[in-house]
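Notes follow once the structure below has been shown.
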Amino acid sequence: MKEFLMIFRNEKREGGAAPSAEQMQLVMQEWQNWIGGIASQGKFVSTNRLYSEGSTLLPDGTVLDGPYAELKEVVGGYLIVKADSLQAAQEMAKGCPNLKYGGNVEIRAVMSIDQDVKSKAFLAEK
Amino acid sequence: MQQDVVSQLFKTEYRKIVSVLCKLFGLEHMEIAEDIVSDVFMLACETWGLKGLPENPTAWIYLVSKNRTKDYLKRNNLFREKIQTEILKRSSADVELELDLSPKNIEDSQLQMMFAICHPSIPSEAQIALSLRLLCGFSIDEIANAFQTNKETINKRLFRAKEKLRKDDIKIEFPAASEITGRLETVATTLYLLFNEGYFSTHKDVKLQEKFCLEAMQLTYLLASNKATNYPFIQALLSLMCFHSSRFEARVDEDGENILYEKQNEALWNKELIERGKSYLYRAFEAGQISRYHYQAAIAYWHTHRADSTEKWENILQLYNHLLQIEYSPITALNRTFALYKVQGKATAIAEAEKLKLENNHLYHSLLGELYTGIDDGKAIAHFEQALELAKSKADKKVIADKLSDFR
């Protein structure tokens with residue numbers, strides 16, 4: 001089985017009322033139920049949520065506050081899963097609560113360090 | 001009858017005497033310790049079979065162990081001199097080469113022995129196997145069973161671990177403060193397995209190896225009440241054991257048959273153990289990292305509330321979701337799916353259950369049988385029948401057969 005990274009993106013929220021504690025809890029439970037379902041198949045690797053504050057460094061030395069200001073979307077978190085194929089990982093992603101709230105899920109195959117080293121060795125030989 | 005007493009004593013006393021002997025001889029001579037204790041138990045079997053039980057079987061075992069040790073040292077002069085020199089190196093006092101089976105020495109020897117066995121230079125799986133063998137007197141078969149592997153693998157693992165202990169000259173002593181956390185985790189896993197072996201025993205039809213569990217609890221309690229080892233995950237583990245043990249009395253009927261959780265007499269649940277479990281759990285959550293034992297204990301806490309409620313099952317489901325992210329196991333996955341059924345209904349749970357791919361597990365089919373009941377009885381019966389075929393223990397088979405008879 002290979003590892004796949006799921007990146008959860010949402011549109012940046014501008015203004016609007018903050019969700020209540022109960023709403024937050026319900027959303028958390030939805031996420032946990034989805035991730036729990038993946039974990040109960042033995043396919044969970046790791047996950048984290050990201051705070052909205054942060055900064056972005058540009059090559060010219062500029063530091064931008066917050067996640068990349070020019071993009072409309074922010075990354076809210078990620079999940080790494082084990083799956084046989086990209087297709088299988090896509091199937092898993094279908095239940096992701098992010099989709100329900102207008103966000104999207106980007107799925108990428110993870111390249112292990114091992115493969116990385118091999119490709120570097122290959123380049124050196126040439 | 002005698003056989004039962006001997007095997008029960010073997011489970012509780014074997015590791016105590018082996019620990020004390022290993023501490024006296026040094027770990028490199030553990031085979032001699034094992035031989036002496038095995039010999040004592042063999043003698044107990046023979047003697048008690050002929051003459052009946054002595055008044056105090058434990059005292060008998062201790063006395064004979066002392067004598068056998070003396071005999072062994074008398075017969076093996078070279079070995080005695082070697083041991084004596086080693087002891088003199090360790091302490092300046094002139095130590096009598098006698099087996100000290102006082103409660104204090106038994107306690108210290110066992111704890112130090114656990115740490116010695118759970119040494120970082122030995123692979124964690126081998127540590128557990130060695131602990132189960134030396135500290136708990138598990139048979140190779142039982143250990144192989146617990147690891148779901150075969151005897152040869154375990155024998156090899158044990159042999160390599162013993163060689164390593166010898167080669168690295170590992171002493172029976174408390175580890176340095178900086179090493180304690182890591183080494184304590186392996187000790188905790190071993191105690192957890194020991195407790196489960198008693199609580200979910202599959203080796204006897206319906207045998208409550210209460211004493212077995214109590215021994216595991218006592219060792220955990222030793223760790224929980226020792227300042228150097230009093231970690232939150234140890235408190236959580238002890239809490240888990242308390243909640244489970246609270247149902248000991250309610251679990252068995254007069255004929256020694258197992259009573260399922262749903263059918264137990266709640267009045268027989270041990271309130272004191274539940275309260276103790278709660279206070280250990282509060283302490284466990286006070287500080288530090290959340291371990292798998294925290295989640296397991298919290299789940300066990302909710303099971304001390306018998307009545308179904310949305311709050312109960314929603315909490316249990318969330319706890320299982322978290323537990324599975326720390327550690328996957330088929331049984332946790334199945335239990336989580338059962339909680340999902342209680343919260344979101346059968347249809348959702350069936351869809352999730354069928355993704356689990358545990359076709360060779362009888363509990364998987366029992367769960368699907370349960371979920372399909374009333375929705376598609378044909379499928380329910382087919383799953384229960386498959387469960388019956390896969391189940392190994394008589395007790396498991398009986399539970400499934402009872403379910404099947406409900407359809408007729």
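For the structure tokens, the naming scheme is as follows: chains receive sequential letters (A, B, ...) according to their order of presentation, residues are indexed from 1 within each chain, and ligands are indexed from 1 in presentation order.
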Could you list, as a PyMOL selection string, every residue within 9 Å of segment 2-17 of chain A, counting only C-alpha atoms and ignoring same-chain residues fewer than 3 positions away?
chain A and resi 20+45+71-86+89+93+98+101-112
Using C-alpha atoms, can you export the residues from the last selection as a PDB file, in the first residue's frame?
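Output below, filename again-v6.pdb:
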ATOM      1  CA  SER A  20     -21.129  28.519  18.087  1.00  0.00           C
ATOM      2  CA  VAL A  45      -1.268   7.399   9.079  1.00  0.00           C
ATOM      3  CA  LEU A  71      -4.909  33.053  -3.010  1.00  0.00           C
ATOM      4  CA  LYS A  72      -8.580  32.859  -2.182  1.00  0.00           C
ATOM      5  CA  GLU A  73      -8.187  29.471  -0.526  1.00  0.00           C
ATOM      6  CA  VAL A  74      -6.444  28.437   2.672  1.00  0.00           C
ATOM      7  CA  VAL A  75      -5.225  25.033   3.758  1.00  0.00           C
ATOM      8  CA  GLY A  76      -7.118  24.015   6.889  1.00  0.00           C
ATOM      9  CA  GLY A  77      -5.405  20.715   7.544  1.00  0.00           C
ATOM     10  CA  TYR A  78      -4.130  17.489   6.104  1.00  0.00           C
ATOM     11  CA  LEU A  79      -4.506  13.758   6.430  1.00  0.00           C
ATOM     12  CA  ILE A  80      -2.126  11.014   5.335  1.00  0.00           C
ATOM     13  CA  VAL A  81      -3.716   7.662   4.498  1.00  0.00           C
ATOM     14  CA  LYS A  82      -2.648   4.303   3.145  1.00  0.00           C
ATOM     15  CA  ALA A  83      -4.337   3.155  -0.056  1.00  0.00           C
ATOM     16  CA  ASP A  84      -3.710   0.755  -2.923  1.00  0.00           C
ATOM     17  CA  SER A  85      -4.130   3.396  -5.584  1.00  0.00           C
ATOM     18  CA  LEU A  86      -5.009   7.015  -6.201  1.00  0.00           C
ATOM     19  CA  ALA A  89      -7.725   7.211  -1.966  1.00  0.00           C
ATOM     20  CA  ALA A  93     -12.024  11.204   0.275  1.00  0.00           C
ATOM     21  CA  ASN A  98     -14.823  19.451   3.930  1.00  0.00           C
ATOM     22  CA  TYR A 101     -18.988  22.782   3.564  1.00  0.00           C
ATOM     23  CA  GLY A 102     -17.855  23.932   0.115  1.00  0.00           C
ATOM     24  CA  GLY A 103     -14.176  23.099   0.548  1.00  0.00           C
ATOM     25  CA  ASN A 104     -12.146  20.735  -1.584  1.00  0.00           C
ATOM     26  CA  VAL A 105      -9.724  17.868  -1.035  1.00  0.00           C
ATOM     27  CA  GLU A 106      -6.518  17.590  -3.013  1.00  0.00           C
ATOM     28  CA  ILE A 107      -5.034  14.079  -3.091  1.00  0.00           C
ATOM     29  CA  ARG A 108      -1.372  13.503  -3.804  1.00  0.00           C
ATOM     30  CA  ALA A 109       0.729  10.350  -3.753  1.00  0.00           C
ATOM     31  CA  VAL A 110       3.529  10.629  -1.193  1.00  0.00           C
ATOM     32  CA  MET A 111       7.045  10.014  -2.497  1.00  0.00           C
ATOM     33  CA  SER A 112       9.097   8.312   0.190  1.00  0.00           C
TER      34      SER A 112
END
Using only C-alpha atoms, determine which residues of chain A fall within 7 Å of chain B; present them as a compact mmCIF listing (two decimals) with all heavy atoms, in the first residue's frame.
# COMPACT_ATOMS: atom_id res chain seq x y z
N GLN A 32 -14.14 13.63 12.96
CA GLN A 32 -13.62 12.48 13.69
C GLN A 32 -14.29 11.18 13.23
O GLN A 32 -13.64 10.15 13.17
CB GLN A 32 -13.80 12.67 15.20
CG GLN A 32 -12.75 13.58 15.82
CD GLN A 32 -11.34 13.04 15.62
OE1 GLN A 32 -11.08 11.86 15.74
NE2 GLN A 32 -10.42 13.93 15.28
N ASN A 33 -15.58 11.25 12.91
CA ASN A 33 -16.26 10.05 12.44
C ASN A 33 -15.71 9.60 11.09
O ASN A 33 -15.55 8.42 10.81
CB ASN A 33 -17.77 10.28 12.34
CG ASN A 33 -18.42 10.34 13.71
OD1 ASN A 33 -17.84 9.92 14.70
ND2 ASN A 33 -19.62 10.89 13.77
N GLY A 36 -12.15 8.38 11.79
CA GLY A 36 -12.29 7.13 12.54
C GLY A 36 -12.63 5.97 11.61
O GLY A 36 -12.15 4.85 11.80
N GLY A 37 -13.47 6.24 10.60
CA GLY A 37 -13.83 5.21 9.63
C GLY A 37 -12.62 4.74 8.85
O GLY A 37 -12.44 3.55 8.59
N ALA A 39 -9.47 5.06 9.92
CA ALA A 39 -8.59 4.40 10.90
C ALA A 39 -9.07 2.99 11.20
O ALA A 39 -8.27 2.10 11.45
CB ALA A 39 -8.50 5.23 12.18
N SER A 40 -10.39 2.77 11.17
CA SER A 40 -10.89 1.43 11.51
C SER A 40 -10.63 0.45 10.37
O SER A 40 -10.80 -0.75 10.53
CB SER A 40 -12.38 1.46 11.88
OG SER A 40 -13.15 1.81 10.77
N GLN A 41 -10.21 0.96 9.22
CA GLN A 41 -9.76 0.05 8.15
C GLN A 41 -8.25 -0.15 8.21
O GLN A 41 -7.66 -0.78 7.33
CB GLN A 41 -10.13 0.63 6.77
CG GLN A 41 -11.62 0.80 6.57
CD GLN A 41 -11.92 1.63 5.32
OE1 GLN A 41 -11.44 1.35 4.24
NE2 GLN A 41 -12.73 2.66 5.47
N GLY A 42 -7.62 0.43 9.24
CA GLY A 42 -6.17 0.32 9.38
C GLY A 42 -5.42 1.15 8.34
O GLY A 42 -4.29 0.85 8.02
N PHE A 44 -5.15 4.66 8.42
CA PHE A 44 -4.80 5.99 8.90
C PHE A 44 -3.29 6.08 9.16
O PHE A 44 -2.70 5.16 9.72
CB PHE A 44 -5.57 6.26 10.19
CG PHE A 44 -5.14 7.51 10.92
CD1 PHE A 44 -5.68 8.73 10.59
CD2 PHE A 44 -4.18 7.45 11.93
CE1 PHE A 44 -5.29 9.89 11.26
CE2 PHE A 44 -3.79 8.59 12.60
CZ PHE A 44 -4.34 9.82 12.27
Considering only C-alpha atoms, can you say which of B:Ile180, B:Asp255, B:Lys16, B:Ile350 comes closest to Lys227 of chain B?
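Residue with the minimum atom-to-atom distance to Lys227 of chain B: B:Ile180.
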Residues within 12 Å of Phe159 of chain B, please, as a PyMOL selection string. Count only C-alpha atoms; anything in the same chain fewer than 3 positions from it doesn't count.
chain B and resi 30-31+122+126-127+129-130+133+140+152-156+162-166
Preceding selection exported with N, CA and C atoms as a PDB file, in the first residue's frame:
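Ended up saving to result20.pdb:
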ATOM      1  N   MET B  30      19.347 -17.217  34.305  1.00  0.00           N
ATOM      2  CA  MET B  30      17.887 -17.349  34.430  1.00  0.00           C
ATOM      3  C   MET B  30      17.389 -18.761  34.173  1.00  0.00           C
ATOM      4  N   GLU B  31      18.103 -19.521  33.312  1.00  0.00           N
ATOM      5  CA  GLU B  31      17.642 -20.890  33.055  1.00  0.00           C
ATOM      6  C   GLU B  31      17.658 -21.733  34.323  1.00  0.00           C
ATOM      7  N   ILE B 122      16.777  -4.840  23.654  1.00  0.00           N
ATOM      8  CA  ILE B 122      16.011  -6.001  23.192  1.00  0.00           C
ATOM      9  C   ILE B 122      14.781  -5.508  22.432  1.00  0.00           C
ATOM     10  N   ALA B 126      10.200  -8.973  21.660  1.00  0.00           N
ATOM     11  CA  ALA B 126      10.915  -9.984  22.432  1.00  0.00           C
ATOM     12  C   ALA B 126      10.818  -9.681  23.919  1.00  0.00           C
ATOM     13  N   GLN B 127      10.827  -8.395  24.270  1.00  0.00           N
ATOM     14  CA  GLN B 127      10.672  -7.995  25.669  1.00  0.00           C
ATOM     15  C   GLN B 127       9.349  -8.512  26.215  1.00  0.00           C
ATOM     16  N   ALA B 129       7.487 -10.960  25.015  1.00  0.00           N
ATOM     17  CA  ALA B 129       7.489 -12.419  25.088  1.00  0.00           C
ATOM     18  C   ALA B 129       8.260 -12.906  26.320  1.00  0.00           C
ATOM     19  N   LEU B 130       9.401 -12.274  26.561  1.00  0.00           N
ATOM     20  CA  LEU B 130      10.231 -12.649  27.704  1.00  0.00           C
ATOM     21  C   LEU B 130       9.515 -12.351  29.020  1.00  0.00           C
ATOM     22  N   ARG B 133       6.881 -14.879  29.607  1.00  0.00           N
ATOM     23  CA  ARG B 133       7.432 -16.178  29.979  1.00  0.00           C
ATOM     24  C   ARG B 133       7.974 -16.162  31.410  1.00  0.00           C
ATOM     25  N   ILE B 140       4.645 -21.380  26.109  1.00  0.00           N
ATOM     26  CA  ILE B 140       5.016 -20.912  24.768  1.00  0.00           C
ATOM     27  C   ILE B 140       3.767 -20.849  23.883  1.00  0.00           C
ATOM     28  N   GLU B 152       7.496 -21.805  17.093  1.00  0.00           N
ATOM     29  CA  GLU B 152       8.897 -21.678  16.667  1.00  0.00           C
ATOM     30  C   GLU B 152       9.341 -20.217  16.725  1.00  0.00           C
ATOM     31  N   THR B 153       8.479 -19.348  16.207  1.00  0.00           N
ATOM     32  CA  THR B 153       8.803 -17.916  16.192  1.00  0.00           C
ATOM     33  C   THR B 153       9.064 -17.416  17.610  1.00  0.00           C
ATOM     34  N   ILE B 154       8.196 -17.817  18.532  1.00  0.00           N
ATOM     35  CA  ILE B 154       8.323 -17.352  19.917  1.00  0.00           C
ATOM     36  C   ILE B 154       9.584 -17.922  20.558  1.00  0.00           C
ATOM     37  N   ASN B 155       9.832 -19.220  20.319  1.00  0.00           N
ATOM     38  CA  ASN B 155      11.038 -19.836  20.882  1.00  0.00           C
ATOM     39  C   ASN B 155      12.302 -19.132  20.408  1.00  0.00           C
ATOM     40  N   LYS B 156      12.339 -18.841  19.113  1.00  0.00           N
ATOM     41  CA  LYS B 156      13.494 -18.141  18.557  1.00  0.00           C
ATOM     42  C   LYS B 156      13.630 -16.766  19.189  1.00  0.00           C
ATOM     43  N   LYS B 162      17.243 -13.799  25.356  1.00  0.00           N
ATOM     44  CA  LYS B 162      18.031 -14.266  26.493  1.00  0.00           C
ATOM     45  C   LYS B 162      19.518 -14.094  26.214  1.00  0.00           C
ATOM     46  N   GLU B 163      19.912 -14.412  24.976  1.00  0.00           N
ATOM     47  CA  GLU B 163      21.313 -14.233  24.592  1.00  0.00           C
ATOM     48  C   GLU B 163      21.742 -12.780  24.761  1.00  0.00           C
ATOM     49  N   LYS B 164      20.847 -11.894  24.326  1.00  0.00           N
ATOM     50  CA  LYS B 164      21.134 -10.463  24.372  1.00  0.00           C
ATOM     51  C   LYS B 164      21.290  -9.986  25.827  1.00  0.00           C
ATOM     52  N   LEU B 165      20.377 -10.459  26.672  1.00  0.00           N
ATOM     53  CA  LEU B 165      20.433 -10.097  28.101  1.00  0.00           C
ATOM     54  C   LEU B 165      21.776 -10.508  28.693  1.00  0.00           C
ATOM     55  N   ARG B 166      22.197 -11.703  28.302  1.00  0.00           N
ATOM     56  CA  ARG B 166      23.446 -12.243  28.812  1.00  0.00           C
ATOM     57  C   ARG B 166      24.627 -11.431  28.288  1.00  0.00           C
TER      58      ARG B 166
END
Near Ser279 of chain B, within 10 Å and counting only C-alpha atoms, which residues show up once chain neighbours fewer than 4 positions away are dropped, as a ChimeraX atom specification?
/B:235-236,239,273-275,283-284
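For the pair atom CA of Leu238 of chain B and atom CA of Thr220 of chain B, the separation is 6.1 Å.
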What is the distance, in Å and to one decimal place, between atom CA of Leu371 of chain B and atom CA of Phe248 of chain B?
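Here the two named atoms are 28.0 Å from each other.
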Helix (DSSP H, G or I) positions in segment 231-273 of chain B, given as a ChimeraX atom specification
/B:232-245,249-251,261-263,266-268,271-273
Keeping only C-alpha atoms, take the residues you just selected and write them out as a PDB file, in the first residue's frame.
ATOM      1  CA  PRO B 232      -0.433   9.348  33.742  1.00  0.00           C
ATOM      2  CA  PHE B 233      -0.589   6.376  31.370  1.00  0.00           C
ATOM      3  CA  ILE B 234       0.049   4.028  34.291  1.00  0.00           C
ATOM      4  CA  GLN B 235      -2.843   5.669  36.185  1.00  0.00           C
ATOM      5  CA  ALA B 236      -5.003   5.290  33.067  1.00  0.00           C
ATOM      6  CA  LEU B 237      -4.065   1.630  32.734  1.00  0.00           C
ATOM      7  CA  LEU B 238      -4.942   0.985  36.358  1.00  0.00           C
ATOM      8  CA  SER B 239      -8.225   2.829  35.896  1.00  0.00           C
ATOM      9  CA  LEU B 240      -9.047   0.619  32.897  1.00  0.00           C
ATOM     10  CA  MET B 241      -8.325  -2.490  34.948  1.00  0.00           C
ATOM     11  CA  CYS B 242     -10.555  -1.264  37.797  1.00  0.00           C
ATOM     12  CA  PHE B 243     -13.524  -0.622  35.482  1.00  0.00           C
ATOM     13  CA  HIS B 244     -13.206  -4.038  33.854  1.00  0.00           C
ATOM     14  CA  SER B 245     -12.737  -5.871  37.136  1.00  0.00           C
ATOM     15  CA  GLU B 249     -18.904 -11.030  40.049  1.00  0.00           C
ATOM     16  CA  ALA B 250     -21.656 -10.162  37.630  1.00  0.00           C
ATOM     17  CA  ARG B 251     -19.981 -11.970  34.735  1.00  0.00           C
ATOM     18  CA  TYR B 261     -22.864  -7.526  29.625  1.00  0.00           C
ATOM     19  CA  GLU B 262     -26.487  -6.775  28.663  1.00  0.00           C
ATOM     20  CA  LYS B 263     -27.799  -9.530  30.915  1.00  0.00           C
ATOM     21  CA  GLU B 266     -26.029  -4.349  37.732  1.00  0.00           C
ATOM     22  CA  ALA B 267     -26.330  -4.608  41.507  1.00  0.00           C
ATOM     23  CA  LEU B 268     -23.376  -6.993  41.439  1.00  0.00           C
ATOM     24  CA  LYS B 271     -19.088   0.165  43.093  1.00  0.00           C
ATOM     25  CA  GLU B 272     -15.853   0.581  44.977  1.00  0.00           C
ATOM     26  CA  LEU B 273     -13.759  -0.509  42.013  1.00  0.00           C
TER      27      LEU B 273
END
Quick one: residues within 10 Å of Arg183 of chain B, only C-alpha atoms counted, chain neighbours fewer than 3 positions away excluded, as a ChimeraX atom specification?
/B:114-120,124,175,178-180,186-188
From the list A:Trp31, A:Gly66, A:Gln87, A:Leu26, which residue is nearest Gly54 of chain A when using only C-alpha atoms?
A:Gly66
